[in-house]
Structures are given as C-alpha cells and as structure tokens.
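Printed here is model00.txt (compact mmCIF, C-alpha atoms):
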```txt
# COMPACT_ATOMS: atom_id res chain seq x y z
CA MET M 14 0.00 0.00 0.00
CA SER M 15 1.31 3.43 -0.88
CA GLY M 16 3.09 5.11 1.99
CA ILE M 17 3.55 1.95 4.04
CA LYS M 18 7.14 0.74 4.21
CA LEU M 19 8.32 -2.31 6.09
CA ARG M 20 11.80 -3.57 6.68
CA LEU M 21 10.95 -7.30 6.79
CA GLY M 22 12.21 -10.25 4.67
CA ALA M 23 -17.01 -8.29 2.74
CA GLY M 24 -17.91 -10.46 4.90
CA VAL M 25 -21.07 -11.69 6.47
CA GLY M 26 -22.85 -10.00 9.35
CA VAL M 27 -21.23 -10.28 12.72
CA LEU M 28 -22.85 -11.55 15.89
CA ALA M 29 -21.27 -12.27 19.25
CA LEU M 30 -21.18 -15.99 19.79
CA VAL M 31 -22.89 -16.90 23.00
CA ALA M 32 -21.93 -20.53 23.39
CA ALA M 33 -19.62 -23.16 22.03
CA GLY M 34 -22.55 -24.94 20.41
CA THR M 35 -23.35 -21.95 18.21
CA VAL M 36 -20.05 -22.30 16.40
CA GLY M 37 -20.06 -26.05 16.16
CA CYS M 38 -17.00 -26.88 18.24
CA GLY M 39 -15.95 -29.80 20.37
CA GLY M 40 -17.05 -32.47 17.91
CA LYS M 41 -20.77 -31.55 17.98
CA GLN M 42 -22.87 -32.33 14.91
CA GLY M 43 -21.85 -29.91 12.19
CA GLY M 44 -18.72 -29.07 14.15
CA ALA M 45 -15.13 -28.86 12.98
CA ALA M 46 -13.22 -30.86 15.59
CA ARG M 47 -12.41 -34.56 15.34
CA ASP M 48 -9.46 -36.87 15.75
CA ASP M 49 -8.39 -37.54 12.17
CA THR M 50 -4.63 -37.71 12.50
CA ALA M 51 -4.46 -41.03 10.65
CA SER M 52 -6.55 -39.97 7.64
CA GLU M 53 -5.36 -38.52 4.36
CA VAL M 54 -5.83 -34.78 3.91
CA THR M 55 -7.96 -34.14 0.82
CA CYS M 56 -9.02 -30.53 1.52
CA GLU M 57 -12.57 -31.54 0.63
CA VAL M 58 -15.25 -30.67 3.19
CA THR M 59 -17.85 -33.39 2.74
CA ARG M 60 -20.31 -32.54 5.52
CA ASP M 61 -21.99 -29.31 6.54
CA THR M 62 -19.60 -27.63 8.96
CA ARG M 63 -19.74 -24.37 10.85
CA VAL M 64 -16.67 -22.56 12.17
CA GLY M 65 -16.51 -19.65 14.56
CA ILE M 66 -13.78 -17.07 14.02
CA ALA M 67 -12.46 -15.01 16.95
CA THR M 68 -11.37 -11.59 15.72
CA GLY M 69 -10.92 -8.41 17.78
CA ASN M 70 -12.37 -4.94 18.42
CA ALA M 71 -15.21 -3.84 16.13
CA THR M 72 -13.21 -0.94 14.68
CA GLY M 73 -10.05 -3.00 14.22
CA VAL M 74 -8.66 -4.88 11.23
CA TYR M 75 -9.06 -8.40 12.72
CA TYR M 76 -12.81 -7.82 12.84
CA VAL M 77 -13.06 -6.58 9.26
CA VAL M 78 -10.78 -9.21 7.70
CA GLY M 79 -12.31 -11.96 9.84
CA ASN M 80 -15.76 -11.12 8.56
CA ALA M 81 -14.51 -11.03 4.99
CA LEU M 82 -12.96 -14.48 5.46
CA ALA M 83 -16.17 -15.84 6.98
CA GLY M 84 -18.06 -14.54 3.98
CA GLN M 85 -15.77 -16.32 1.52
CA LEU M 86 -15.81 -19.80 3.05
CA SER M 87 -19.17 -20.97 1.76
CA GLY M 88 -18.53 -20.08 -1.86
CA ALA M 89 -15.07 -21.62 -1.73
CA THR M 90 -16.39 -24.96 -0.47
CA GLY M 91 -19.64 -25.45 -2.37
CA GLY M 92 -21.63 -24.31 0.64
CA ARG M 93 -20.32 -27.09 2.90
CA LEU M 94 -18.26 -24.80 5.14
CA THR M 95 -19.76 -21.68 6.70
CA GLY M 96 -18.21 -19.19 9.06
CA THR M 97 -19.30 -16.65 11.64
CA ALA M 98 -16.89 -14.00 12.90
CA ALA M 99 -17.24 -12.49 16.36
CA GLU M 100 -15.96 -9.36 18.05
CA THR M 101 -13.56 -10.23 20.89
CA GLY M 102 -10.86 -8.71 23.08
CA ALA M 103 -8.26 -10.11 20.61
CA SER M 104 -5.08 -12.18 20.95
CA VAL M 105 -4.79 -13.54 24.50
CA GLN M 106 -8.54 -13.89 24.95
CA ASN M 107 -8.81 -15.44 21.49
CA VAL M 108 -6.32 -18.17 22.39
CA GLU M 109 -8.09 -18.89 25.67
CA GLN M 110 -11.50 -19.16 24.03
CA LEU M 111 -10.10 -21.15 21.11
CA VAL M 112 -8.69 -23.76 23.51
CA ALA M 113 -11.95 -23.73 25.47
CA GLY M 114 -13.84 -24.68 22.31
CA GLN M 115 -15.75 -21.43 21.90
CA TYR M 116 -14.19 -20.77 18.50
CA ASP M 117 -12.50 -22.81 15.80
CA VAL M 118 -10.19 -20.17 14.30
CA ALA M 119 -8.52 -17.23 16.03
CA PHE M 120 -6.55 -14.20 14.92
CA SER M 121 -3.49 -13.62 17.09
CA LEU M 122 -0.36 -11.54 17.26
CA PHE M 123 2.67 -13.74 16.72
CA ASP M 124 4.28 -12.89 20.06
CA THR M 125 1.12 -14.01 21.88
CA ALA M 126 0.98 -17.21 19.81
CA VAL M 127 4.60 -18.02 20.70
CA ASN M 128 3.85 -17.45 24.39
CA ALA M 129 0.83 -19.76 24.07
CA VAL M 130 2.72 -22.75 22.66
CA GLN M 131 5.59 -22.22 25.10
CA GLY M 132 3.41 -21.63 28.17
CA LYS M 133 4.93 -18.22 28.86
CA GLY M 134 3.70 -14.68 29.43
CA SER M 135 -0.06 -14.75 29.90
CA PHE M 136 -0.14 -18.57 29.77
CA THR M 137 0.86 -20.83 32.66
CA ALA M 138 1.06 -23.95 30.47
CA ALA M 139 1.61 -24.79 26.80
CA GLN M 140 -1.62 -24.43 24.84
CA PRO M 141 -2.75 -27.04 22.25
CA VAL M 142 -2.85 -24.64 19.32
CA GLU M 143 -1.31 -24.70 15.85
CA ALA M 144 -1.14 -22.23 12.99
CA LEU M 145 -2.93 -22.13 9.65
CA ALA M 146 -0.52 -19.49 8.35
CA ARG M 147 1.29 -16.28 9.05
CA ILE M 148 -0.74 -13.49 7.49
CA TYR M 149 -0.26 -9.70 7.42
CA ASP M 150 1.70 -7.62 9.93
CA ASN M 151 0.39 -5.49 12.78
CA TYR M 152 1.81 -2.04 13.39
CA THR M 153 2.24 -0.70 16.91
CA GLN M 154 0.34 2.58 16.77
CA VAL M 155 1.00 4.82 19.76
CA VAL M 156 -0.93 8.08 19.67
CA VAL M 157 -0.82 10.94 22.15
CA ARG M 158 -2.64 14.23 22.56
CA ASN M 159 -0.52 17.24 21.66
CA ASP M 160 -1.39 18.91 24.98
CA ALA M 161 -0.38 15.90 27.12
CA GLY M 162 3.34 16.67 27.31
CA ILE M 163 4.36 13.20 26.10
CA ALA M 164 7.47 12.91 23.91
CA SER M 165 8.36 9.30 24.76
CA VAL M 166 6.89 6.25 26.47
CA ALA M 167 8.79 7.22 29.64
CA ASP M 168 6.84 10.49 29.64
CA MET M 169 3.62 8.52 30.10
CA LYS M 170 4.35 8.23 33.83
CA GLY M 171 1.29 9.44 35.70
CA LYS M 172 -0.70 9.88 32.50
CA ARG M 173 -4.06 8.40 31.49
CA ILE M 174 -3.13 5.83 28.86
CA SER M 175 -5.38 3.31 27.12
CA THR M 176 -3.57 -0.02 26.85
CA GLY M 177 -6.28 -1.77 24.83
CA SER M 178 -8.89 -4.36 25.71
CA PRO M 179 -8.10 -6.69 28.62
CA LYS M 180 -6.26 -9.83 27.45
CA SER M 181 -5.50 -8.34 24.06
CA GLY M 182 -2.21 -8.47 22.19
CA THR M 183 -2.21 -4.68 22.33
CA GLU M 184 -2.18 -4.81 26.13
CA VAL M 185 0.73 -7.26 26.09
CA ILE M 186 2.77 -4.97 23.84
CA ALA M 187 1.84 -1.84 25.80
CA ASN M 188 2.98 -3.36 29.09
CA ARG M 189 6.22 -4.56 27.55
CA LEU M 190 6.90 -1.11 26.14
CA PHE M 191 6.27 0.43 29.56
CA GLU M 192 8.74 -1.98 31.14
CA ALA M 193 11.29 -1.33 28.40
CA ALA M 194 10.97 2.38 29.20
CA GLY M 195 11.56 1.73 32.90
CA LEU M 196 7.93 2.08 34.01
CA ASP M 197 5.83 -0.26 36.14
CA PRO M 198 2.52 -0.69 34.24
CA ALA M 199 0.68 -1.37 37.49
CA LYS M 200 1.93 1.70 39.34
CA ASP M 201 3.43 4.33 37.08
CA VAL M 202 0.60 4.94 34.62
CA GLN M 203 -3.13 5.39 34.91
CA ALA M 204 -3.89 2.45 32.63
CA GLN M 205 -7.28 2.52 30.93
CA ARG M 206 -8.09 -0.97 29.61
CA LEU M 207 -10.46 0.13 26.86
CA ASP M 208 -11.45 -1.15 23.46
CA LEU M 209 -10.59 1.01 20.49
CA THR M 210 -14.01 2.64 20.15
CA LYS M 211 -13.98 3.92 23.74
CA THR M 212 -10.32 4.83 23.40
CA VAL M 213 -10.97 7.06 20.40
CA GLU M 214 -13.87 8.71 22.22
CA GLY M 215 -11.58 9.41 25.19
CA MET M 216 -8.89 10.91 22.96
CA LYS M 217 -11.43 13.21 21.37
CA ASP M 218 -12.89 14.48 24.64
CA GLY M 219 -9.54 14.73 26.43
CA SER M 220 -10.22 12.10 29.11
CA ILE M 221 -7.32 10.02 27.80
CA ASP M 222 -3.81 11.35 27.18
CA GLY M 223 -2.62 8.64 24.83
CA PHE M 224 -3.11 5.07 23.71
CA PHE M 225 -1.52 1.95 22.30
CA TRP M 226 -2.99 0.00 19.41
CA SER M 227 -1.62 -2.95 17.49
CA GLY M 228 -3.35 -3.39 14.18
CA GLY M 229 -3.09 -3.41 10.43
CA LEU M 230 -2.96 -0.29 8.29
CA PRO M 231 -5.25 1.46 8.15
CA THR M 232 -7.34 0.72 11.25
CA GLY M 233 -10.81 2.25 11.07
CA GLY M 234 -10.87 3.68 14.59
CA VAL M 235 -7.50 5.37 14.15
CA THR M 236 -8.60 6.76 10.79
CA ASP M 237 -11.64 8.24 12.53
CA LEU M 238 -9.46 9.92 15.14
CA PHE M 239 -7.03 11.48 12.69
CA THR M 240 -9.88 12.55 10.40
CA THR M 241 -11.83 14.34 13.13
CA ALA M 242 -9.10 15.41 15.57
CA GLY M 243 -5.86 15.24 13.62
CA ASP M 244 -4.74 18.68 14.80
CA GLN M 245 -4.96 17.53 18.42
CA VAL M 246 -3.08 14.23 18.25
CA ARG M 247 0.12 12.75 16.84
CA PHE M 248 1.96 9.44 16.55
CA LEU M 249 4.81 8.62 18.92
CA ASP M 250 8.02 6.98 17.70
CA VAL M 251 8.64 3.95 19.94
CA THR M 252 11.56 2.46 17.99
CA PRO M 253 14.17 3.58 20.58
CA LEU M 254 12.72 0.73 22.68
CA LEU M 255 13.00 -1.87 19.91
CA PRO M 256 16.32 -3.40 21.06
CA LYS M 257 14.87 -4.22 24.48
CA MET M 258 11.64 -5.48 22.91
CA ALA M 259 13.53 -7.74 20.51
CA GLU M 260 15.34 -9.30 23.46
CA LEU M 261 11.94 -10.39 24.80
CA ASN M 262 10.70 -11.78 21.51
CA PRO M 263 12.27 -11.80 18.02
CA ALA M 264 8.78 -11.21 16.58
CA TYR M 265 9.27 -7.50 17.27
CA GLN M 266 10.82 -5.81 14.24
CA ALA M 267 11.17 -2.35 12.72
CA GLY M 268 8.60 -0.88 10.36
CA THR M 269 7.07 2.41 9.30
CA ILE M 270 3.56 3.85 9.40
CA GLY M 271 3.52 5.64 6.06
CA ARG M 272 2.08 9.13 5.92
CA ASP M 273 -0.57 7.97 3.44
CA ALA M 274 -2.06 5.49 5.93
CA TYR M 275 -3.77 8.24 7.94
CA ARG M 276 -2.86 11.30 5.87
CA THR M 277 -0.36 12.53 8.45
CA ALA M 278 2.37 15.07 7.75
CA ALA M 279 5.22 12.54 7.93
CA ASP M 280 6.04 8.84 8.17
CA THR M 281 6.37 7.40 11.67
CA PRO M 282 8.93 4.68 12.55
CA THR M 283 7.39 1.98 14.70
CA ILE M 284 7.53 -1.66 15.83
CA VAL M 285 5.71 -4.33 13.85
CA VAL M 286 4.56 -7.83 14.77
CA PRO M 287 3.27 -10.51 12.38
CA ASN M 288 -0.20 -11.97 12.75
CA VAL M 289 -1.10 -15.65 12.59
CA LEU M 290 -4.33 -17.58 12.26
CA LEU M 291 -4.55 -20.21 14.99
CA VAL M 292 -6.64 -23.36 15.43
CA ARG M 293 -6.77 -26.19 17.94
CA LYS M 294 -4.71 -29.27 17.17
CA ASP M 295 -7.88 -31.36 16.86
CA LEU M 296 -9.42 -29.27 14.08
CA ASP M 297 -10.52 -31.49 11.19
CA ALA M 298 -7.57 -31.46 8.77
CA ASP M 299 -9.76 -31.05 5.68
CA VAL M 300 -11.48 -28.07 7.28
CA ALA M 301 -8.12 -26.56 8.20
CA CYS M 302 -6.92 -27.12 4.64
CA ALA M 303 -10.03 -25.52 3.14
CA ILE M 304 -9.81 -22.44 5.38
CA THR M 305 -6.11 -21.97 4.64
CA ARG M 306 -6.65 -22.34 0.92
CA THR M 307 -9.47 -19.78 1.05
CA VAL M 308 -7.27 -17.21 2.82
CA PHE M 309 -4.82 -17.20 -0.08
CA GLU M 310 -7.13 -17.83 -3.01
CA LYS M 311 -9.50 -15.08 -1.83
CA LYS M 312 -6.80 -12.64 -0.73
CA ASP M 313 -8.05 -9.94 -3.11
CA ALA M 314 -11.51 -10.05 -1.56
CA LEU M 315 -10.01 -9.79 1.92
CA ALA M 316 -7.91 -6.82 0.78
CA GLN M 317 -11.04 -5.12 -0.52
CA ALA M 318 -12.41 -5.32 3.01
CA ASN M 319 -9.21 -3.79 4.41
CA PRO M 320 -5.92 -3.00 2.61
CA ALA M 321 -3.93 -4.62 5.45
CA ALA M 322 -4.78 -7.99 3.90
CA LYS M 323 -2.55 -7.10 0.94
CA GLY M 324 0.28 -8.17 3.25
CA ILE M 325 -0.87 -11.80 3.12
CA SER M 326 1.69 -13.71 1.05
CA LEU M 327 2.66 -17.29 0.32
CA GLU M 328 6.28 -16.22 0.77
CA ASN M 329 5.70 -15.68 4.51
CA ALA M 330 2.88 -18.16 5.08
CA ARG M 331 5.04 -20.91 6.59
CA ARG M 332 7.05 -18.60 8.83
CA THR M 333 5.27 -19.55 12.06
CA ASP M 334 8.04 -21.37 13.95
CA PRO M 335 7.99 -22.14 16.89
CA VAL M 336 4.22 -22.34 16.44
CA PRO M 337 3.70 -25.57 14.45
CA LEU M 338 1.62 -25.60 11.29
CA HIS M 339 -1.54 -27.67 11.43
CA ARG M 340 -1.21 -30.63 9.06
CA GLY M 341 -4.25 -29.48 7.09
CA ALA M 342 -2.65 -26.07 6.58
CA ASP M 343 0.62 -27.74 5.58
CA LYS M 344 -1.25 -29.60 2.82
CA ALA M 345 -2.96 -26.43 1.58
CA LEU M 346 0.26 -24.44 1.49
CA ALA M 347 2.09 -27.24 -0.30
CA ASP M 348 -0.64 -27.36 -2.95
CA LEU M 349 -0.43 -23.57 -3.33
CA GLY M 350 3.33 -23.69 -3.80
CA ALA M 351 4.36 -22.04 -0.53
CA ARG M 352 7.90 -23.05 0.40
```

Could you render the structure as structure tokens?
Amino acid sequence: MSGIKLRLGAGVGVLALVAAGTVGCGGKQGGAARDDTASEVTCEVTRDTRVGIATGNATGVYYVVGNALAGQLSGATGGRLTGTAAETGASVQNVEQLVAGQYDVAFSLFDTAVNAVQGKGSFTAAQPVEALARIYDNYTQVVVRNDAGIASVADMKGKRISTGSPKSGTEVIANRLFEAAGLDPAKDVQAQRLDLTKTVEGMKDGSIDGFFWSGGLPTGGVTDLFTTAGDQVRFLDVTPLLPKMAELNPAYQAGTIGRDAYRTAADTPTIVVPNVLLVRKDLDADVACAITRTVFEKKDALAQANPAAKGISLENARRTDPVPLHRGADKALADLGAR
C-alpha cells in the first residue's frame, strides 16, 4: 500500500457468539473438531460444517478481515463450510476461548501465539494450538494528545493511557513497552483498559492522554481519530525501545507507518509484529486445509475489506516457527506452492 514501508524479509454479518454450540466446536454435529490424524488430507469438506472465528475490536482490522474471510468460506467450499466471525478482546482472549472450544479459528499476534505454545507470558502452560498461516503484519500505533506533554513512552508516567482491551495483544505490547521504558505498568501509569471505540472517544474528549494500538494499516478507529481530531493528536516513535523489545521476543521488528495510511504530515517509525491464524490441534484437517486455501485464493476479496490484507503472502505463510503448522494447513500451502 502506498506510503507503508516495512523492513521485513465483505464479509457476512457479525454476531457475538454466546456458546460453544453456536459455532459447532468440540465435535458436535456440524462441528469442525475430530481426531483424524491417521486420515489422508484431501481438503474436501464433505459434511456441513460451521466454524466460529475469533477476531478483535469492532473498529479493528481483525474484525473486518475476519468477517470477509467468513463470507468467503461458503462459496469456496460449495456451501459445505460456513463461518461466523465475532468481536472479541483479541489475541490472548482469542487463544483462551479457542482452547476452550468457543471458537474454531482465532486471529493472534505472533508474540502471543509463541507465548501460548511455550506456556509463557499470559499462559501458565503450553496451549494445544497450531497455525494455519502467518498473514499480514500489525503495526504498533502509539498516539498521544498534543497537549499531554508526552514525547516518549517514559513520559507517560502518571498519564491516562489506554492499553487496549483486557487480554489483548495490544495490552501485552503496551505493558512490555512500559517496562522497556523503565515504568511499572501497574503503578506508574493510569492504565485505561479500553477497546478502540472507547479509546478514540476518550482521545477526542480529552479524558485520555494517549493510547496503544496494534493493528493493520489502516485501522478504522485510528482513521476516525485522525480525520476528526488530527490537529490535536500525533503518533509517537517507539523504535528507541525496539532493542529491548527484541530481546523479549524476536517477533518485534522495525517498520514504518507511512504518511498515506492516515494522511499525516510525515512517516512514523514503529515496531511491527506478524499476525497468525490459529486453530486447535484437533481441528478437522480437511477443514483446516479448506480455510487456509481460502485465505490465499481469496486474498483480493479480503484486501477489498481492508488493505492490510494485501500483506498476506505465500512467501511468509510458513514462517510460524515455533508455532507448528496444522497438518491441514501444511497440505494447503504445499498445494499452493508455498515453500
């Protein structure tokens, strides 16, 4: 996308899912989970199957792309596979609810996914999840009010800062950036654990001094803020903290929020993290294969929903280590020519 530089090698309607049974998990009739490790992967879905997709905040890219993916599944599988995308708190919560059987597919930041399979960070034990593919990258978007007196993350001490929804990947990154800047997230900042919609409202009315957001470019809520209050806010360059962040997890890398993304006066250096699509290990391999194939074959449709999906590429699809690829995804990517 024009103006977005990175230094790295329409969906269906959305409803909150109220129970595991509504998304067909846990081996229920029409569900997507079964022990099929001994069977051949054909990528053909032969029975009516419903999958629930855990996304993120309603004004974020996960939500938009997740709905677009859900909308493509039926047509790509002759109507056998249908999807429903749901608004969630994003990465950490998505993994927890995926493992609990509330969803079948989950968007996640790569650093959270690595923590999940290694039983680190927010997870006290290794989680039984695998990847369908690495997809597009998330950009760490740190925005502050011009009147807040914040020139660095360290300057956020004592300030009212939104760190994202509870148990989101954004919150994980925000807390790590605080620590890298020498701040205690629990004591040194007035953390507001808000979703993006409420965060943008707070930035507009001055009740919040700044916020963290990890998402694709452009993110609808951030576009709204810069469109309506661009003279009152600005991006913060957090790359001075990248060396310490990279020590915690190699997923953190350098990137740039191009000026064209939000029509700002200049590019902003930042930290980027890849995204992955996760599933449980027991997901039916043919279903996993069909979903993975749809992601890449219908990439243009996903990109129409949000330009961030242009970053989906077969070149990077297999780069999920140490998160293992699901065997159904491995089959799909092999058929598509991903190395």

Rows by chain and residue number, region 151-249 of chain M within 9 Å of region 306-325 of chain M, shortest pair, all atoms listed in the file, as a Markdown table:
```
| residue | atom | partner | partner_atom | distance |
| --- | --- | --- | --- | --- |
| M:Asn151 | CA | M:Ala321 | CA | 8.6 |
| M:Gly228 | CA | M:Ala321 | CA | 8.8 |
| M:Gly229 | CA | M:Ala321 | CA | 5.2 |
| M:Leu230 | CA | M:Ala321 | CA | 5.3 |
| M:Pro231 | CA | M:Ala321 | CA | 6.8 |
| M:Thr232 | CA | M:Asn319 | CA | 8.4 |
```

May I have the residues within 12 Å of Arg332 (chain M) as a PDB file with C-alpha atoms, keeping the file's coordinate frame, using all atoms listed in the file and disregarding those fewer than 2 positions away in the same chain?
```pdb
ATOM      1  CA  GLY M  22      12.210 -10.250   4.670  1.00  0.00           C
ATOM      2  CA  PHE M 123       2.670 -13.740  16.720  1.00  0.00           C
ATOM      3  CA  ALA M 144      -1.140 -22.230  12.990  1.00  0.00           C
ATOM      4  CA  LEU M 145      -2.930 -22.130   9.650  1.00  0.00           C
ATOM      5  CA  ALA M 146      -0.520 -19.490   8.350  1.00  0.00           C
ATOM      6  CA  ARG M 147       1.290 -16.280   9.050  1.00  0.00           C
ATOM      7  CA  ILE M 148      -0.740 -13.490   7.490  1.00  0.00           C
ATOM      8  CA  TYR M 149      -0.260  -9.700   7.420  1.00  0.00           C
ATOM      9  CA  ALA M 264       8.780 -11.210  16.580  1.00  0.00           C
ATOM     10  CA  PRO M 287       3.270 -10.510  12.380  1.00  0.00           C
ATOM     11  CA  ASN M 288      -0.200 -11.970  12.750  1.00  0.00           C
ATOM     12  CA  VAL M 289      -1.100 -15.650  12.590  1.00  0.00           C
ATOM     13  CA  LEU M 290      -4.330 -17.580  12.260  1.00  0.00           C
ATOM     14  CA  ILE M 325      -0.870 -11.800   3.120  1.00  0.00           C
ATOM     15  CA  SER M 326       1.690 -13.710   1.050  1.00  0.00           C
ATOM     16  CA  LEU M 327       2.660 -17.290   0.320  1.00  0.00           C
ATOM     17  CA  GLU M 328       6.280 -16.220   0.770  1.00  0.00           C
ATOM     18  CA  ASN M 329       5.700 -15.680   4.510  1.00  0.00           C
ATOM     19  CA  ALA M 330       2.880 -18.160   5.080  1.00  0.00           C
ATOM     20  CA  ASP M 334       8.040 -21.370  13.950  1.00  0.00           C
ATOM     21  CA  PRO M 335       7.990 -22.140  16.890  1.00  0.00           C
ATOM     22  CA  VAL M 336       4.220 -22.340  16.440  1.00  0.00           C
ATOM     23  CA  PRO M 337       3.700 -25.570  14.450  1.00  0.00           C
ATOM     24  CA  LEU M 338       1.620 -25.600  11.290  1.00  0.00           C
ATOM     25  CA  ASP M 343       0.620 -27.740   5.580  1.00  0.00           C
ATOM     26  CA  LEU M 346       0.260 -24.440   1.490  1.00  0.00           C
ATOM     27  CA  ALA M 351       4.360 -22.040  -0.530  1.00  0.00           C
ATOM     28  CA  ARG M 352       7.900 -23.050   0.400  1.00  0.00           C
TER      29      ARG M 352
END
```

Distance in Å - CA of Gln205 (chain M) versus CA of Ala187 (chain M): 11.3 Å

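With only C-alpha atoms as the atoms that count, the residue of M:Leu255, M:Ala83, M:Val246, M:Ala298 with the shortest distance to Tyr275 (chain M) is M:Val246.
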
Interatomic distance (Å, one decimal) between CA of Ala67 (chain M) and CA of Thr153 (chain M): 20.5 Å

Residues within 7 Å of (-11.6, -21.4, 18.3), file coords, all atoms listed in the file, listed as an NGL selection string: :M and (65-67 or 110-112 or 114-119 or 292-293)

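Reported to one decimal place, the separation of CA of Asp208 (chain M) from CA of Tyr152 (chain M) is 16.7 Å.
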
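Among the candidates M:Thr283, M:Val54, M:Lys257, M:Arg206, the residue lying nearest to Ala194 (chain M) is M:Lys257 (atoms considered: all atoms listed in the file).
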
Shell of 12 Å around Ala274 (chain M), all atoms listed in the file, local chain residues under 3 positions omitted, as a VMD selection string: chain M and resid 14 to 18 152 154 229 to 233 235 to 237 239 to 240 269 to 271 277 to 281 319 to 321

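Shortest separation to Gly134 (chain M) among M:Ala71, M:Val185, M:Val108, M:Val156 occurs at residue M:Val185, atoms counted being only C-alpha atoms.
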
Is it possible to get the axis-aligned box enclosing region 218-228 of chain M (all listed atoms, 5 Å extra per side) as AutoDock Vina command-line options, with centre and edge lengths in Å rounded to one decimal?
```
--center_x -7.2 --center_y 5.7 --center_z 21.6 --size_x 21.4 --size_y 28.1 --size_z 24.9
```

Selection near Val105 (chain M), 8 Å with only C-alpha atoms, sequence-local residues under 4 positions removed, as an MDAnalysis selection string: chainID M and resid 109 121 125 135 180:182

Using all atoms listed in the file: which of M:Asn80, M:Gln140, M:Ser175, M:Ser104 has the shortest distance to Gly215 (chain M): M:Ser175

Counting all atoms listed in the file, the residue of M:Phe120, M:Phe248, M:Tyr76, M:Tyr265 that sits nearest Ser165 (chain M): M:Phe248

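Checking M:Val78, M:Ala303, M:Ala98, M:Val157 one by one against Thr59 (chain M), counting all atoms listed in the file, you find the shortest gap at M:Ala303.
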